[in-house]
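Peer 1: You'll find structure-v1.tsv just under this line, and it carries TSV, C-alpha atoms and all ligand atoms.
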chain	number	residue	atom	x	y	z
A	13	MET	CA	-8.13	-5.02	21.40
A	14	LYS	CA	-9.41	-2.64	24.08
A	15	LEU	CA	-7.35	0.53	24.05
A	16	GLU	CA	-8.52	2.20	27.20
A	17	VAL	CA	-5.08	3.28	28.41
A	18	ARG	CA	-3.96	4.54	24.99
A	19	ASN	CA	-7.13	6.60	24.55
A	20	GLN	CA	-6.72	8.12	27.99
A	21	LEU	CA	-3.08	8.98	27.30
A	22	LYS	CA	-3.96	10.47	23.94
A	23	LEU	CA	-6.67	12.67	25.45
A	24	SER	CA	-4.57	13.80	28.36
A	25	THR	CA	-1.60	14.81	26.17
A	26	GLN	CA	-3.43	16.40	23.22
A	27	ASP	CA	-2.50	19.96	24.25
A	28	LEU	CA	1.18	19.03	24.56
A	29	HIS	CA	1.17	17.16	21.24
A	30	ASP	CA	-0.01	20.38	19.62
A	31	LYS	CA	2.91	22.28	21.21
A	32	ALA	CA	5.45	19.64	20.13
A	33	GLU	CA	3.98	19.61	16.62
A	34	PHE	CA	4.42	23.38	16.44
A	35	ILE	CA	8.14	23.03	17.26
A	36	PHE	CA	8.62	20.37	14.57
A	37	ALA	CA	6.48	22.16	11.99
A	38	PRO	CA	9.46	23.74	10.13
A	39	LEU	CA	10.27	20.23	8.91
A	40	LEU	CA	6.97	20.12	7.03
A	41	SER	CA	7.59	23.38	5.21
A	42	ARG	CA	8.77	23.66	1.61
A	43	GLU	CA	11.23	26.27	2.91
A	44	CYS	CA	12.82	23.90	5.42
A	45	THR	CA	16.60	24.43	5.46
A	46	LEU	CA	19.42	22.08	6.38
A	47	GLN	CA	20.03	24.27	9.44
A	48	ASP	CA	16.39	23.87	10.57
A	49	TYR	CA	16.74	20.13	10.18
A	50	LEU	CA	20.09	19.95	12.01
A	51	SER	CA	18.78	22.07	14.89
A	52	ILE	CA	15.86	19.70	15.42
A	53	LEU	CA	18.13	16.65	15.10
A	54	SER	CA	20.36	18.18	17.76
A	55	VAL	CA	17.43	18.53	20.19
A	56	LEU	CA	16.35	14.97	19.41
A	57	PHE	CA	19.86	13.62	19.90
A	58	HIS	CA	20.16	15.14	23.38
A	59	PHE	CA	16.67	14.11	24.32
A	60	HIS	CA	16.97	10.47	23.19
A	61	HIS	CA	20.52	10.07	24.50
A	62	ASN	CA	19.45	11.16	27.99
A	63	PHE	CA	16.16	9.26	27.79
A	64	GLU	CA	18.03	6.05	26.99
A	65	MET	CA	20.65	6.57	29.71
A	66	GLU	CA	17.97	7.10	32.31
A	67	ILE	CA	15.79	4.17	31.24
A	68	SER	CA	18.91	1.94	31.28
A	69	ALA	CA	19.86	3.15	34.75
A	70	ARG	CA	16.60	2.06	36.37
A	71	ASN	CA	17.70	-0.28	39.10
A	72	THR	CA	14.47	-2.02	39.96
A	73	ARG	CA	12.84	-4.70	37.79
A	74	SER	CA	11.36	-2.78	34.87
A	75	ALA	CA	9.18	-4.20	32.11
A	76	ALA	CA	9.24	-0.77	30.43
A	77	ARG	CA	13.04	-0.84	30.29
A	78	ASP	CA	13.00	-4.42	28.99
A	79	HIS	CA	10.58	-3.41	26.23
A	80	TYR	CA	12.74	-0.48	25.14
A	81	ILE	CA	16.27	-1.80	25.48
A	82	PRO	CA	18.03	-2.80	23.32
A	83	GLY	CA	15.59	-3.12	20.40
A	84	ARG	CA	13.91	0.31	20.41
A	85	LEU	CA	16.92	2.59	20.97
A	86	ARG	CA	17.21	5.50	18.57
A	87	ALA	CA	19.77	8.10	19.72
A	88	HIS	CA	22.35	6.33	17.54
A	89	LYS	CA	20.10	6.89	14.49
A	90	VAL	CA	20.02	10.64	15.12
A	91	ALA	CA	23.80	10.70	15.58
A	92	LYS	CA	24.23	8.79	12.31
A	93	ASP	CA	22.02	11.29	10.44
A	94	ILE	CA	23.95	14.28	11.81
A	95	HIS	CA	27.23	12.60	10.86
A	96	GLN	CA	26.04	11.78	7.34
A	97	LEU	CA	25.17	15.45	6.91
A	98	ASN	CA	28.83	16.27	7.71
A	99	HIS	CA	28.17	17.63	11.18
A	100	SER	CA	28.99	16.34	14.62
A	101	VAL	CA	27.23	16.37	17.95
A	102	SER	CA	28.45	15.48	21.42
A	103	ALA	CA	26.21	14.41	24.24
A	104	GLU	CA	25.42	16.79	27.08
A	105	ARG	CA	23.97	15.38	30.26
A	106	MET	CA	20.49	16.81	30.76
A	107	HIS	CA	18.02	15.54	33.29
A	108	ILE	CA	14.73	14.03	32.18
A	109	GLY	CA	13.66	12.31	35.39
A	110	LEU	CA	12.99	8.64	34.62
A	111	THR	CA	15.31	6.92	37.06
A	112	ASN	CA	13.38	6.97	40.32
A	113	VAL	CA	9.81	6.78	39.10
A	114	SER	CA	7.30	3.93	38.87
A	115	ASP	CA	7.24	1.59	35.90
A	116	ALA	CA	3.76	2.86	35.00
A	117	PHE	CA	5.24	6.38	34.73
A	118	CYS	CA	7.83	4.94	32.33
A	119	TRP	CA	5.16	3.26	30.21
A	120	GLY	CA	3.62	6.71	29.82
A	121	ALA	CA	7.02	8.06	28.77
A	122	LEU	CA	7.41	5.24	26.23
A	123	TYR	CA	3.95	6.04	24.84
A	124	VAL	CA	5.33	9.44	23.80
A	125	VAL	CA	8.53	8.21	22.15
A	126	GLU	CA	6.84	5.25	20.44
A	127	GLY	CA	3.88	7.36	19.30
A	128	SER	CA	6.20	10.00	17.87
A	129	GLN	CA	7.11	7.47	15.16
A	130	LEU	CA	3.63	8.01	13.71
A	131	GLY	CA	4.35	11.71	13.27
A	132	GLY	CA	7.78	10.72	11.94
A	133	GLN	CA	6.10	9.09	8.95
A	134	VAL	CA	4.44	12.41	8.06
A	135	ILE	CA	7.70	14.30	8.57
A	136	VAL	CA	9.86	11.95	6.47
A	137	LYS	CA	7.42	12.26	3.59
A	138	ALA	CA	7.68	16.06	3.68
A	139	LEU	CA	11.49	15.96	3.99
A	140	ARG	CA	11.73	13.64	0.97
A	141	GLU	CA	9.55	16.00	-1.06
A	142	ASN	CA	11.46	19.14	-0.07
A	143	LEU	CA	14.90	19.18	1.57
A	144	PHE	CA	15.96	15.64	0.59
A	145	LYS	CA	14.86	15.55	-3.04
A	146	ASN	CA	18.22	14.35	-4.31
A	147	GLN	CA	19.62	12.64	-1.29
A	148	SER	CA	18.69	9.65	0.82
A	149	GLU	CA	21.35	9.77	3.57
A	150	GLY	CA	20.55	11.57	6.81
A	151	LEU	CA	16.94	10.45	7.22
A	152	SER	CA	17.22	7.29	9.28
A	153	PHE	CA	15.71	8.66	12.51
A	154	PHE	CA	12.49	9.91	10.91
A	155	THR	CA	12.33	6.94	8.56
A	156	GLY	CA	12.09	4.85	11.74
A	157	ASP	CA	10.57	1.43	11.30
A	158	GLU	CA	9.07	2.27	7.88
A	159	ARG	CA	6.56	-0.43	6.92
A	160	GLU	CA	6.88	-2.01	10.34
A	161	THR	CA	5.74	1.22	12.05
A	162	GLY	CA	2.07	0.23	12.28
A	163	LYS	CA	2.83	-3.28	13.49
A	164	ASN	CA	5.34	-2.09	16.09
A	165	TRP	CA	2.87	0.52	17.35
A	166	ILE	CA	0.17	-2.13	17.82
A	167	ASN	CA	2.67	-4.38	19.63
A	168	PHE	CA	3.63	-1.50	21.87
A	169	LEU	CA	-0.03	-0.73	22.65
A	170	LYS	CA	-0.61	-4.37	23.65
A	171	GLU	CA	2.31	-4.17	26.08
A	172	LEU	CA	1.05	-0.84	27.39
A	173	GLU	CA	-2.42	-2.22	28.07
A	174	ASN	CA	-0.89	-5.28	29.80
A	175	HIS	CA	1.26	-3.25	32.15
A	176	VAL	CA	-0.93	-0.30	33.06
A	177	LEU	CA	-3.79	-2.00	34.84
A	178	SER	CA	-5.02	-0.10	37.88
A	179	GLU	CA	-6.41	3.43	38.18
A	180	ALA	CA	-3.31	4.37	40.16
A	181	GLN	CA	-1.05	3.07	37.38
A	182	LEU	CA	-3.09	4.93	34.77
A	183	ALA	CA	-2.62	8.17	36.72
A	184	GLU	CA	1.15	7.51	36.85
A	185	ALA	CA	1.26	6.74	33.12
A	186	LYS	CA	-0.55	10.02	32.36
A	187	ASP	CA	1.99	11.87	34.49
A	188	GLY	CA	4.83	10.09	32.67
A	189	ALA	CA	3.44	10.92	29.23
A	190	ARG	CA	2.84	14.58	30.08
A	191	TRP	CA	6.22	14.91	31.75
A	192	THR	CA	8.02	13.43	28.73
A	193	PHE	CA	6.32	15.82	26.31
A	194	ILE	CA	7.13	18.72	28.66
A	195	ARG	CA	10.82	17.76	28.92
A	196	LEU	CA	11.12	17.43	25.15
A	197	ILE	CA	9.54	20.86	24.67
A	198	GLU	CA	11.87	22.30	27.33
A	199	PHE	CA	14.90	20.69	25.66
A	200	ALA	CA	13.88	22.37	22.40
A	201	ARG	CA	13.65	25.74	24.16
A	202	GLU	CA	16.79	25.36	26.30
A	203	LEU	CA	19.24	24.05	23.76
A	204	SER	CA	21.15	26.79	22.09
A	205	TYR	CA	23.59	24.10	21.00
A	206	LYS	CA	23.85	23.42	17.28
A	207	PRO	CA	25.75	20.60	15.56
A	208	GLN	CA	29.24	21.60	14.43
A	209	GLN	CA	30.35	21.34	10.81
A	210	ARG	CA	32.95	18.56	10.49
A	301	LIG	C1	5.38	18.00	12.81
A	301	LIG	C2	5.32	17.24	13.87
A	301	LIG	C3	4.32	16.16	14.10
A	301	LIG	C4	3.30	15.71	13.32
A	301	LIG	C5	2.89	16.22	11.95
A	301	LIG	C6	2.65	14.64	14.02
A	301	LIG	C7	1.60	13.92	13.53
A	301	LIG	C8	1.06	12.80	14.12
A	301	LIG	C9	0.09	11.93	13.52
A	301	LIG	C10	-0.47	12.09	12.11
A	301	LIG	C11	-0.20	10.98	14.40
A	301	LIG	C12	-1.18	9.81	14.23
A	301	LIG	C13	-2.51	10.18	14.83
A	301	LIG	C14	-3.53	9.06	14.71
A	301	LIG	O1	-3.26	8.07	14.03
A	301	LIG	O2	-4.57	9.18	15.34
A	301	LIG	C15	0.57	11.24	15.60
A	301	LIG	C16	0.52	10.51	16.74
A	301	LIG	C17	1.33	10.71	17.82
A	301	LIG	N1	2.34	11.63	17.93
A	301	LIG	FE1	2.73	13.09	16.64
A	301	LIG	N2	3.25	14.45	15.22
A	301	LIG	C18	4.29	15.34	15.31
A	301	LIG	C19	5.20	15.48	16.33
A	301	LIG	C20	5.19	14.69	17.46
A	301	LIG	C21	6.18	14.78	18.50
A	301	LIG	C22	7.38	15.72	18.52
A	301	LIG	C23	5.83	13.86	19.45
A	301	LIG	C24	6.51	13.52	20.74
A	301	LIG	C25	7.79	13.31	20.88
A	301	LIG	C26	4.64	13.19	18.99
A	301	LIG	C27	3.97	12.21	19.67
A	301	LIG	C28	2.90	11.51	19.18
A	301	LIG	C29	2.20	10.48	19.92
A	301	LIG	C30	2.49	10.01	21.34
A	301	LIG	C31	1.23	9.97	19.07
A	301	LIG	C32	0.24	8.84	19.35
A	301	LIG	C33	-1.14	9.39	19.62
A	301	LIG	C34	-2.14	8.25	19.68
A	301	LIG	O3	-2.28	7.65	20.74
A	301	LIG	O4	-2.74	7.98	18.65
A	301	LIG	N3	4.28	13.72	17.77
A	301	LIG	N4	1.34	12.36	15.39
Would you mind writing the file's structure down as structure tokens?
Peer 2:
Amino acid sequence: MKLEVRNQLKLSTQDLHDKAEFIFAPLLSRECTLQDYLSILSVLFHFHHNFEMEISARNTRSAARDHYIPGRLRAHKVAKDIHQLNHSVSAERMHIGLTNVSDAFCWGALYVVEGSQLGGQVIVKALRENLFKNQSEGLSFFTGDERETGKNWINFLKELENHVLSEAQLAEAKDGARWTFIRLIEFARELSYKPQQR
């Protein structure tokens, strides 16, 4: 399989991946606390909740939306994890900017959320070794698709390559991928909100 689009997206978002990785790095530490974990889950809940609302609200024909909904949704997994850790979270409306953009832009956005599952596999391993030694509940978001992760990623990449065809679409997809990383990083900086103990 030729992975021209994927390689271009990877190259053009490398700097932002590094920034996102820095924000999530506490989860890899032996000293990771439940509060660190809950804070990051809270950011992820708001991000994915709003991401899903906006992708759903696209009112033109959208192959990107049809790829993502309903099978790839994940805000509910974050909410379940927070709940299982005896905390609660309620959704705040925050703008991402996916409603009135091209479908190629959305494919770039999906590249970020689908690709983040690869990092999730590294994170869940560290969480199991450290914070979650004696507990299995509360890890469903980062556990993701588990053994299916590689297969689902390849399937996604095939779809990506089939839908981002022209140079103009590639430019839009790069914008979408960069924008999605940037909004996630901004969410992490903006949100002072923390889950509440139940
Ligand atoms: C501690 C945090 C993170 C770690 C350790 C991590 C690690 C990784 C690893 C190991 C890969 C696979 C690279 C490869 O196979 O070539 C990957 C890919 C990827 N990650 Fe992360 N990641 C983290 C956070 C994130 C976040 C927060 C996002 C965005 C929401 C993200 C988005 C991506 C994307 C889009 C890819 C696919 C890159 C490609 O095209 O191969 N990652 N990450």
Peer 1: For Leu172 in chain A, work out the shell of residues within 8 Å, counting only C-alpha atoms and skipping chain neighbours fewer than 3 positions away, then give it as a ChimeraX atom specification.
Peer 2: /A:17-18,119,123,168-169,175-176
Peer 1: Compile the contact shell of range 38-49 of chain A as number ranges by chain: residues with an atom at most 9 Å away, counting only C-alpha atoms, same-chain residues fewer than 2 positions apart removed.
Peer 2: A: 34-36, 51-54, 97, 134-139, 141-143, 206
Peer 1: Taking 6 positions as the minimum chain separation for residues in the same chain, which residues sit within 9 Å of range 66-70 of chain A when counting only C-alpha atoms? Answer as JSON, numbers by chain.
Peer 2: {"A": [76, 77, 78, 80, 81, 107, 108, 109, 110, 111, 112, 113, 118]}
Peer 1: Distance table requested - chain A against ligand LIG 301 (chain A), cut-off 10 Å, all atoms listed in the file: one row per qualifying residue with the closest atom pair and its distance in Å to one decimal, ordered by chain and rising residue number, as CSV.
Peer 2:
residue,atom,partner,partner_atom,distance
A:Leu15,CA,A:LIG301,O3,9.3
A:Val17,CA,A:LIG301,O3,9.3
A:Arg18,CA,A:LIG301,O3,5.5
A:Asn19,CA,A:LIG301,O3,6.3
A:Gln20,CA,A:LIG301,O3,8.5
A:Leu21,CA,A:LIG301,O3,6.7
A:Lys22,CA,A:LIG301,O3,4.6
A:Leu23,CA,A:LIG301,O3,8.2
A:Thr25,CA,A:LIG301,C30,7.9
A:Gln26,CA,A:LIG301,C33,8.2
A:Leu28,CA,A:LIG301,C24,8.6
A:His29,CA,A:LIG301,C26,5.7
A:Asp30,CA,A:LIG301,C19,7.9
A:Lys31,CA,A:LIG301,C22,8.4
A:Ala32,CA,A:LIG301,C22,4.7
A:Glu33,CA,A:LIG301,C2,3.9
A:Phe34,CA,A:LIG301,C1,6.6
A:Ile35,CA,A:LIG301,C1,7.3
A:Phe36,CA,A:LIG301,C1,4.4
A:Ala37,CA,A:LIG301,C1,4.4
A:Pro38,CA,A:LIG301,C1,7.5
A:Leu39,CA,A:LIG301,C1,6.6
A:Leu40,CA,A:LIG301,C1,6.4
A:Ser41,CA,A:LIG301,C1,9.6
A:Ile52,CA,A:LIG301,C22,9.9
A:Leu56,CA,A:LIG301,C25,8.8
A:Phe59,CA,A:LIG301,C25,9.6
A:His60,CA,A:LIG301,C25,9.9
A:Gly120,CA,A:LIG301,C30,9.2
A:Ala121,CA,A:LIG301,C30,8.9
A:Leu122,CA,A:LIG301,C30,8.4
A:Tyr123,CA,A:LIG301,C30,5.5
A:Val124,CA,A:LIG301,C30,3.8
A:Val125,CA,A:LIG301,C25,5.3
A:Glu126,CA,A:LIG301,C30,6.5
A:Gly127,CA,A:LIG301,C29,3.6
A:Ser128,CA,A:LIG301,C27,3.6
A:Gln129,CA,A:LIG301,N1,6.9
A:Leu130,CA,A:LIG301,C15,4.8
A:Gly131,CA,A:LIG301,C6,3.5
A:Gly132,CA,A:LIG301,C18,6.7
A:Gln133,CA,A:LIG301,C10,7.9
A:Val134,CA,A:LIG301,C5,5.7
A:Ile135,CA,A:LIG301,C1,6.1
A:Val136,CA,A:LIG301,C5,9.8
A:Ala138,CA,A:LIG301,C5,9.6
A:Gly162,CA,A:LIG301,O1,9.6
A:Trp165,CA,A:LIG301,C32,9.0
A:Leu169,CA,A:LIG301,O3,8.9
A:Ala189,CA,A:LIG301,C30,8.0
A:Arg190,CA,A:LIG301,C30,9.9
A:Thr192,CA,A:LIG301,C25,7.9
A:Phe193,CA,A:LIG301,C24,6.0
A:Ile194,CA,A:LIG301,C24,9.5
A:Arg195,CA,A:LIG301,C25,9.7
A:Leu196,CA,A:LIG301,C25,6.8
A:Ile197,CA,A:LIG301,C22,8.3
Peer 1: Could you write out the selected residues, including C-alpha atoms, as a CSV table (one decimal), in the coordinates of the input?
Peer 2:
chain,number,residue,atom,x,y,z
A,15,LEU,CA,-7.4,0.5,24.0
A,17,VAL,CA,-5.1,3.3,28.4
A,18,ARG,CA,-4.0,4.5,25.0
A,19,ASN,CA,-7.1,6.6,24.6
A,20,GLN,CA,-6.7,8.1,28.0
A,21,LEU,CA,-3.1,9.0,27.3
A,22,LYS,CA,-4.0,10.5,23.9
A,23,LEU,CA,-6.7,12.7,25.4
A,25,THR,CA,-1.6,14.8,26.2
A,26,GLN,CA,-3.4,16.4,23.2
A,28,LEU,CA,1.2,19.0,24.6
A,29,HIS,CA,1.2,17.2,21.2
A,30,ASP,CA,0.0,20.4,19.6
A,31,LYS,CA,2.9,22.3,21.2
A,32,ALA,CA,5.4,19.6,20.1
A,33,GLU,CA,4.0,19.6,16.6
A,34,PHE,CA,4.4,23.4,16.4
A,35,ILE,CA,8.1,23.0,17.3
A,36,PHE,CA,8.6,20.4,14.6
A,37,ALA,CA,6.5,22.2,12.0
A,38,PRO,CA,9.5,23.7,10.1
A,39,LEU,CA,10.3,20.2,8.9
A,40,LEU,CA,7.0,20.1,7.0
A,41,SER,CA,7.6,23.4,5.2
A,52,ILE,CA,15.9,19.7,15.4
A,56,LEU,CA,16.4,15.0,19.4
A,59,PHE,CA,16.7,14.1,24.3
A,60,HIS,CA,17.0,10.5,23.2
A,120,GLY,CA,3.6,6.7,29.8
A,121,ALA,CA,7.0,8.1,28.8
A,122,LEU,CA,7.4,5.2,26.2
A,123,TYR,CA,4.0,6.0,24.8
A,124,VAL,CA,5.3,9.4,23.8
A,125,VAL,CA,8.5,8.2,22.2
A,126,GLU,CA,6.8,5.2,20.4
A,127,GLY,CA,3.9,7.4,19.3
A,128,SER,CA,6.2,10.0,17.9
A,129,GLN,CA,7.1,7.5,15.2
A,130,LEU,CA,3.6,8.0,13.7
A,131,GLY,CA,4.4,11.7,13.3
A,132,GLY,CA,7.8,10.7,11.9
A,133,GLN,CA,6.1,9.1,9.0
A,134,VAL,CA,4.4,12.4,8.1
A,135,ILE,CA,7.7,14.3,8.6
A,136,VAL,CA,9.9,12.0,6.5
A,138,ALA,CA,7.7,16.1,3.7
A,162,GLY,CA,2.1,0.2,12.3
A,165,TRP,CA,2.9,0.5,17.4
A,169,LEU,CA,0.0,-0.7,22.6
A,189,ALA,CA,3.4,10.9,29.2
A,190,ARG,CA,2.8,14.6,30.1
A,192,THR,CA,8.0,13.4,28.7
A,193,PHE,CA,6.3,15.8,26.3
A,194,ILE,CA,7.1,18.7,28.7
A,195,ARG,CA,10.8,17.8,28.9
A,196,LEU,CA,11.1,17.4,25.2
A,197,ILE,CA,9.5,20.9,24.7
Peer 1: Could you tell me how far CA of Ala200 in chain A lies from CA of His61 in chain A, in Å and to one decimal?
Peer 2: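 If I compute the distance from CA of Ala200 in chain A to CA of His61 in chain A, I get 14.1 Å.
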Peer 1: Measuring between only C-alpha atoms, which one of A:Thr155, A:Thr72, A:Ser148, A:Ser114 shows the shortest distance to Ala183 in chain A?
Peer 2: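 Selected residue with least distance to Ala183 in chain A: A:Ser114.
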Peer 1: Would you compute an axis-aligned box for range 148-160 of chain A, covering every atom listed for it in the file with 5 Å of margin on each side, and report centre and edge lengths in Å to one decimal as AutoDock Vina command-line options?
Peer 2:
--center_x 14.0 --center_y 4.8 --center_z 6.7 --size_x 24.8 --size_y 23.6 --size_z 21.7
Peer 1: What is the CA of Glu171 in chain A-CA of Leu85 in chain A distance in Å, reported with one decimal?
Peer 2: 16.9 Å
Peer 1: Could you tell me which of A:Ala185, A:Asp93, A:Phe63, A:His79 comes closest to Asn167 in chain A if we count only C-alpha atoms?
Peer 2: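 Closest residue, counting only C-alpha atoms: A:His79.
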Peer 1: Can you tell me how far CA of Ser102 in chain A sits from CA of His58 in chain A, in Å to one decimal?
Peer 2: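 Interatomic distance, CA of Ser102 in chain A to CA of His58 in chain A: 8.5 Å.
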Peer 1: Can you spit out range 41-121 of chain A with C-alpha atoms, as a PDB file, in the first residue's frame, from the structure just given?
Peer 2:
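For reference, result-v9.pdb as written:
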ATOM      1  CA  SER A  41       5.843   8.287  34.829  1.00  0.00           C
ATOM      2  CA  ARG A  42       6.167   5.916  37.774  1.00  0.00           C
ATOM      3  CA  GLU A  43       4.982   8.836  39.906  1.00  0.00           C
ATOM      4  CA  CYS A  44       1.742   9.286  37.961  1.00  0.00           C
ATOM      5  CA  THR A  45      -1.110  10.026  40.394  1.00  0.00           C
ATOM      6  CA  LEU A  46      -4.834   9.427  40.089  1.00  0.00           C
ATOM      7  CA  GLN A  47      -5.264  13.203  39.899  1.00  0.00           C
ATOM      8  CA  ASP A  48      -2.837  13.434  36.941  1.00  0.00           C
ATOM      9  CA  TYR A  49      -4.788  10.702  35.211  1.00  0.00           C
ATOM     10  CA  LEU A  50      -8.198  12.257  35.930  1.00  0.00           C
ATOM     11  CA  SER A  51      -7.036  15.679  34.715  1.00  0.00           C
ATOM     12  CA  ILE A  52      -5.949  14.225  31.381  1.00  0.00           C
ATOM     13  CA  LEU A  53      -9.155  12.176  31.087  1.00  0.00           C
ATOM     14  CA  SER A  54     -11.105  15.376  31.672  1.00  0.00           C
ATOM     15  CA  VAL A  55      -9.317  17.132  28.788  1.00  0.00           C
ATOM     16  CA  LEU A  56      -9.884  14.100  26.578  1.00  0.00           C
ATOM     17  CA  PHE A  57     -13.552  13.901  27.492  1.00  0.00           C
ATOM     18  CA  HIS A  58     -14.188  17.517  26.497  1.00  0.00           C
ATOM     19  CA  PHE A  59     -12.122  17.202  23.373  1.00  0.00           C
ATOM     20  CA  HIS A  60     -13.746  13.985  22.107  1.00  0.00           C
ATOM     21  CA  HIS A  61     -17.254  15.031  23.118  1.00  0.00           C
ATOM     22  CA  ASN A  62     -16.979  18.238  21.092  1.00  0.00           C
ATOM     23  CA  PHE A  63     -15.128  16.520  18.246  1.00  0.00           C
ATOM     24  CA  GLU A  64     -17.933  13.977  17.917  1.00  0.00           C
ATOM     25  CA  MET A  65     -20.701  16.591  18.110  1.00  0.00           C
ATOM     26  CA  GLU A  66     -19.082  18.619  15.361  1.00  0.00           C
ATOM     27  CA  ILE A  67     -18.355  15.678  13.067  1.00  0.00           C
ATOM     28  CA  SER A  68     -21.987  14.527  13.524  1.00  0.00           C
ATOM     29  CA  ALA A  69     -23.297  17.994  12.722  1.00  0.00           C
ATOM     30  CA  ARG A  70     -21.664  18.166   9.284  1.00  0.00           C
ATOM     31  CA  ASN A  71     -24.557  18.747   6.963  1.00  0.00           C
ATOM     32  CA  THR A  72     -23.012  17.925   3.614  1.00  0.00           C
ATOM     33  CA  ARG A  73     -22.262  14.382   2.422  1.00  0.00           C
ATOM     34  CA  SER A  74     -19.201  13.347   4.407  1.00  0.00           C
ATOM     35  CA  ALA A  75     -17.206  10.140   3.976  1.00  0.00           C
ATOM     36  CA  ALA A  76     -15.090  11.174   6.978  1.00  0.00           C
ATOM     37  CA  ARG A  77     -18.186  11.389   9.172  1.00  0.00           C
ATOM     38  CA  ASP A  78     -19.447   8.045   7.851  1.00  0.00           C
ATOM     39  CA  HIS A  79     -16.099   6.436   8.687  1.00  0.00           C
ATOM     40  CA  TYR A  80     -16.122   7.770  12.235  1.00  0.00           C
ATOM     41  CA  ILE A  81     -19.750   7.481  13.277  1.00  0.00           C
ATOM     42  CA  PRO A  82     -20.976   5.383  14.966  1.00  0.00           C
ATOM     43  CA  GLY A  83     -18.197   2.776  15.118  1.00  0.00           C
ATOM     44  CA  ARG A  84     -15.189   4.888  16.141  1.00  0.00           C
ATOM     45  CA  LEU A  85     -16.743   7.104  18.827  1.00  0.00           C
ATOM     46  CA  ARG A  86     -14.826   7.279  22.091  1.00  0.00           C
ATOM     47  CA  ALA A  87     -16.050  10.104  24.364  1.00  0.00           C
ATOM     48  CA  HIS A  88     -18.308   7.548  26.081  1.00  0.00           C
ATOM     49  CA  LYS A  89     -15.230   5.442  26.929  1.00  0.00           C
ATOM     50  CA  VAL A  90     -13.574   8.390  28.673  1.00  0.00           C
ATOM     51  CA  ALA A  91     -16.792   9.130  30.579  1.00  0.00           C
ATOM     52  CA  LYS A  92     -16.998   5.476  31.646  1.00  0.00           C
ATOM     53  CA  ASP A  93     -13.402   5.537  32.936  1.00  0.00           C
ATOM     54  CA  ILE A  94     -13.998   8.715  34.953  1.00  0.00           C
ATOM     55  CA  HIS A  95     -17.181   7.212  36.391  1.00  0.00           C
ATOM     56  CA  GLN A  96     -15.466   3.938  37.317  1.00  0.00           C
ATOM     57  CA  LEU A  97     -12.871   5.970  39.205  1.00  0.00           C
ATOM     58  CA  ASN A  98     -15.734   7.456  41.268  1.00  0.00           C
ATOM     59  CA  HIS A  99     -15.654  10.871  39.653  1.00  0.00           C
ATOM     60  CA  SER A 100     -18.039  12.654  37.341  1.00  0.00           C
ATOM     61  CA  VAL A 101     -17.652  14.976  34.413  1.00  0.00           C
ATOM     62  CA  SER A 102     -20.184  17.074  32.541  1.00  0.00           C
ATOM     63  CA  ALA A 103     -19.761  18.250  29.001  1.00  0.00           C
ATOM     64  CA  GLU A 104     -18.895  21.860  28.257  1.00  0.00           C
ATOM     65  CA  ARG A 105     -19.396  23.153  24.744  1.00  0.00           C
ATOM     66  CA  MET A 106     -16.026  24.139  23.312  1.00  0.00           C
ATOM     67  CA  HIS A 107     -15.418  24.943  19.696  1.00  0.00           C
ATOM     68  CA  ILE A 108     -13.088  22.804  17.614  1.00  0.00           C
ATOM     69  CA  GLY A 109     -14.058  23.947  14.124  1.00  0.00           C
ATOM     70  CA  LEU A 110     -15.013  20.886  12.077  1.00  0.00           C
ATOM     71  CA  THR A 111     -18.512  21.770  10.962  1.00  0.00           C
ATOM     72  CA  ASN A 112     -17.953  24.044   7.986  1.00  0.00           C
ATOM     73  CA  VAL A 113     -14.730  22.676   6.562  1.00  0.00           C
ATOM     74  CA  SER A 114     -13.958  20.371   3.635  1.00  0.00           C
ATOM     75  CA  ASP A 115     -14.077  16.614   3.992  1.00  0.00           C
ATOM     76  CA  ALA A 116     -10.331  16.453   3.284  1.00  0.00           C
ATOM     77  CA  PHE A 117      -9.780  18.722   6.316  1.00  0.00           C
ATOM     78  CA  CYS A 118     -11.824  16.234   8.363  1.00  0.00           C
ATOM     79  CA  TRP A 119      -9.750  13.292   7.128  1.00  0.00           C
ATOM     80  CA  GLY A 120      -6.721  15.146   8.476  1.00  0.00           C
ATOM     81  CA  ALA A 121      -8.529  15.578  11.802  1.00  0.00           C
TER      82      ALA A 121
END
